[in-house]
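Okay, structure first, notes after.
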Amino acid sequence: MRRVRPGAAASRGGSPSRDTGRRTTGEERALTSVAAGERYAGEEPADIPRLWHITLSVSGEAAPVEELRRALEQLAHDHPFLLTSRYADDHAEIRYWEEARDLHDAAAVALRLWGEHRQTAGLPPWEIVGLEVIDRATYHQRISEGYGPPPASPVGVHPF
């Protein structure tokens, strides 16, 4: 008894069925290509912004927690998508949603957030020590599977 892959022709040397598109051994298959910049039907255009969940971690020398809290509250006021901030005297974590075309753009904006708002919000001169950027689907998948950061509630600025 000869074993045959499911869907393969059982007889050797038979001609392929024209209606099923099966090929015989050795028959060439035409390859198709897509020119740079072209897209397959059904793909989303690259210019449509998507939502990205950002977790930015910063740390540095200890700062007065009252001033830090006020600075993070000002950052939340200046950046309306801010979900939550957690802080201690020498580190903080900021979580928010960013709208961007792709991960690279979302990460670039996130990496500028602390520095660009340092003066206006009165943030300490800390350095960024961590960055996580995930798309909306991944964020919700992690939550539904019971791992990853818990949903940001309560929203606002809170101590660790």
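Order determines the names: the first chain of the structure tokens is A, the second B, and so forth; residues in each chain are numbered 1 upward, and ligands are numbered 1 upward as they are shown.
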Please report as CSV every residue of region 100-146 of chain A lying within 9 Å of region 74-80 of chain A, along with the nearest atom pair and their distance in Å (one decimal), using only C-alpha atoms.
```
residue,atom,partner,partner_atom,distance
A:Trp114,CA,A:Leu75,CA,8.9
A:His117,CA,A:Leu75,CA,6.9
A:Arg118,CA,A:Leu75,CA,8.8
A:Thr120,CA,A:Gln74,CA,8.3
A:Ala121,CA,A:Gln74,CA,5.3
A:Gly122,CA,A:Gln74,CA,8.2
A:Leu123,CA,A:Leu75,CA,8.3
```
Just the selected residues (N, CA, C and O atoms), exported as an mmCIF file, in the first residue's frame, please.
```cif
data_model
loop_
_atom_site.group_PDB
_atom_site.id
_atom_site.type_symbol
_atom_site.label_atom_id
_atom_site.label_comp_id
_atom_site.auth_asym_id
_atom_site.auth_seq_id
_atom_site.Cartn_x
_atom_site.Cartn_y
_atom_site.Cartn_z
ATOM 1 N N TRP A 114 9.150 62.884 27.954
ATOM 2 C CA TRP A 114 9.711 63.373 29.215
ATOM 3 C C TRP A 114 10.542 64.641 28.997
ATOM 4 O O TRP A 114 10.362 65.635 29.698
ATOM 5 N N HIS A 117 8.485 67.847 27.967
ATOM 6 C CA HIS A 117 7.611 68.399 29.004
ATOM 7 C C HIS A 117 8.355 68.704 30.309
ATOM 8 O O HIS A 117 7.745 69.140 31.278
ATOM 9 N N ARG A 118 9.670 68.466 30.329
ATOM 10 C CA ARG A 118 10.430 68.688 31.565
ATOM 11 C C ARG A 118 10.303 70.108 32.073
ATOM 12 O O ARG A 118 10.035 70.326 33.253
ATOM 13 N N THR A 120 8.069 72.654 31.031
ATOM 14 C CA THR A 120 6.699 73.153 31.201
ATOM 15 C C THR A 120 5.979 72.507 32.375
ATOM 16 O O THR A 120 5.179 73.153 33.039
ATOM 17 N N ALA A 121 6.250 71.225 32.637
ATOM 18 C CA ALA A 121 5.578 70.534 33.742
ATOM 19 C C ALA A 121 6.413 70.545 35.017
ATOM 20 O O ALA A 121 5.905 70.210 36.090
ATOM 21 N N GLY A 122 7.677 70.918 34.920
ATOM 22 C CA GLY A 122 8.538 70.916 36.096
ATOM 23 C C GLY A 122 8.990 69.525 36.507
ATOM 24 O O GLY A 122 9.168 69.236 37.689
ATOM 25 N N LEU A 123 9.185 68.642 35.531
ATOM 26 C CA LEU A 123 9.605 67.264 35.815
ATOM 27 C C LEU A 123 11.076 67.228 36.214
ATOM 28 O O LEU A 123 11.872 68.054 35.745
#
```
Worksheet item: Running DSSP on the backbone, which parts of region 58-119 of chain A land in strand (DSSP E), as a ChimeraX atom specification?
Response: /A:58-59,82-88,91-100
When you look at Ala106 (chain A) with a cut-off of 9 Å (counting only C-alpha atoms), what residues show up, excluding the ones that are within fewer than 5 positions of it in the same chain? I need them as a compact mmCIF listing (two decimals) with N, CA and C atoms, in the first residue's frame.
```txt
# COMPACT_ATOMS: atom_id res chain seq x y z
N LEU A 51 -3.73 52.95 17.43
CA LEU A 51 -3.49 53.23 18.84
C LEU A 51 -2.43 52.29 19.38
N TRP A 52 -1.50 52.86 20.16
CA TRP A 52 -0.41 52.12 20.76
C TRP A 52 -0.42 52.38 22.26
N HIS A 53 -0.27 51.33 23.06
CA HIS A 53 -0.21 51.50 24.51
C HIS A 53 1.26 51.67 24.89
N ILE A 54 1.55 52.77 25.57
CA ILE A 54 2.91 53.14 25.93
C ILE A 54 3.09 53.00 27.44
N GLU A 98 -1.10 56.32 22.62
CA GLU A 98 -0.57 57.22 21.61
C GLU A 98 -1.14 56.81 20.26
N GLU A 99 -1.53 57.80 19.47
CA GLU A 99 -2.01 57.53 18.12
C GLU A 99 -0.84 57.80 17.17
N ALA A 100 -0.47 56.78 16.39
CA ALA A 100 0.66 56.92 15.47
C ALA A 100 0.49 55.95 14.31
N ARG A 101 1.20 56.24 13.24
CA ARG A 101 1.13 55.42 12.02
C ARG A 101 1.70 54.02 12.25
N LEU A 111 9.62 58.58 23.45
CA LEU A 111 10.97 58.89 23.91
C LEU A 111 11.21 60.39 24.06
N VAL A 133 6.12 49.57 23.98
CA VAL A 133 5.13 50.03 23.02
C VAL A 133 4.46 48.80 22.44
```
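Comparing A:Leu83, A:Leu56, A:Val65, A:Ile48 by their smallest distance to Glu132 (chain A), the closest is A:Leu56 (using only C-alpha atoms).
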Item to complete: Please run DSSP on the backbone and report, as JSON, numbers by chain, all residues within region 39-132 of chain A that come out as helix (DSSP H, G or I).
Response: {"A": [65, 66, 67, 68, 69, 70, 71, 72, 73, 74, 75, 76, 77, 78, 103, 104, 105, 106, 107, 108, 109, 110, 111, 112, 113, 114, 115, 116, 117, 118, 119, 120, 121]}
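With only C-alpha atoms taken into account, the protein and nucleic acid residues at most 8 Å from Gly60 (chain A) (excluding it and anything under 4 positions from it in its own chain) are A:Asp90, A:His91, A:Pro125, A:Trp126, A:Glu127.
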Worksheet item: Between A:Leu131, A:Val58, A:Ala71, A:Ile94, which one has atoms that come closest to Ala108 (chain A), using only C-alpha atoms?
Response: A:Leu131
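Distances from A:Asp102, A:Ala107, A:Thr55, A:Glu145 to Ser85 (chain A) were compared using only C-alpha atoms, and the smallest one belongs to A:Thr55.
Nearest to Asp47 (chain A) of all the residues A:Asp105, A:Leu113, A:Gly130, A:Leu72 is A:Asp105, based on only C-alpha atoms.
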Response to the item:
CA of Gly115 (chain A) sits from CA of Val155 (chain A) at a separation of 22.8 Å
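Atom to atom, CA of Phe160 (chain A) and CA of Ser59 (chain A) stand 13.3 Å apart.
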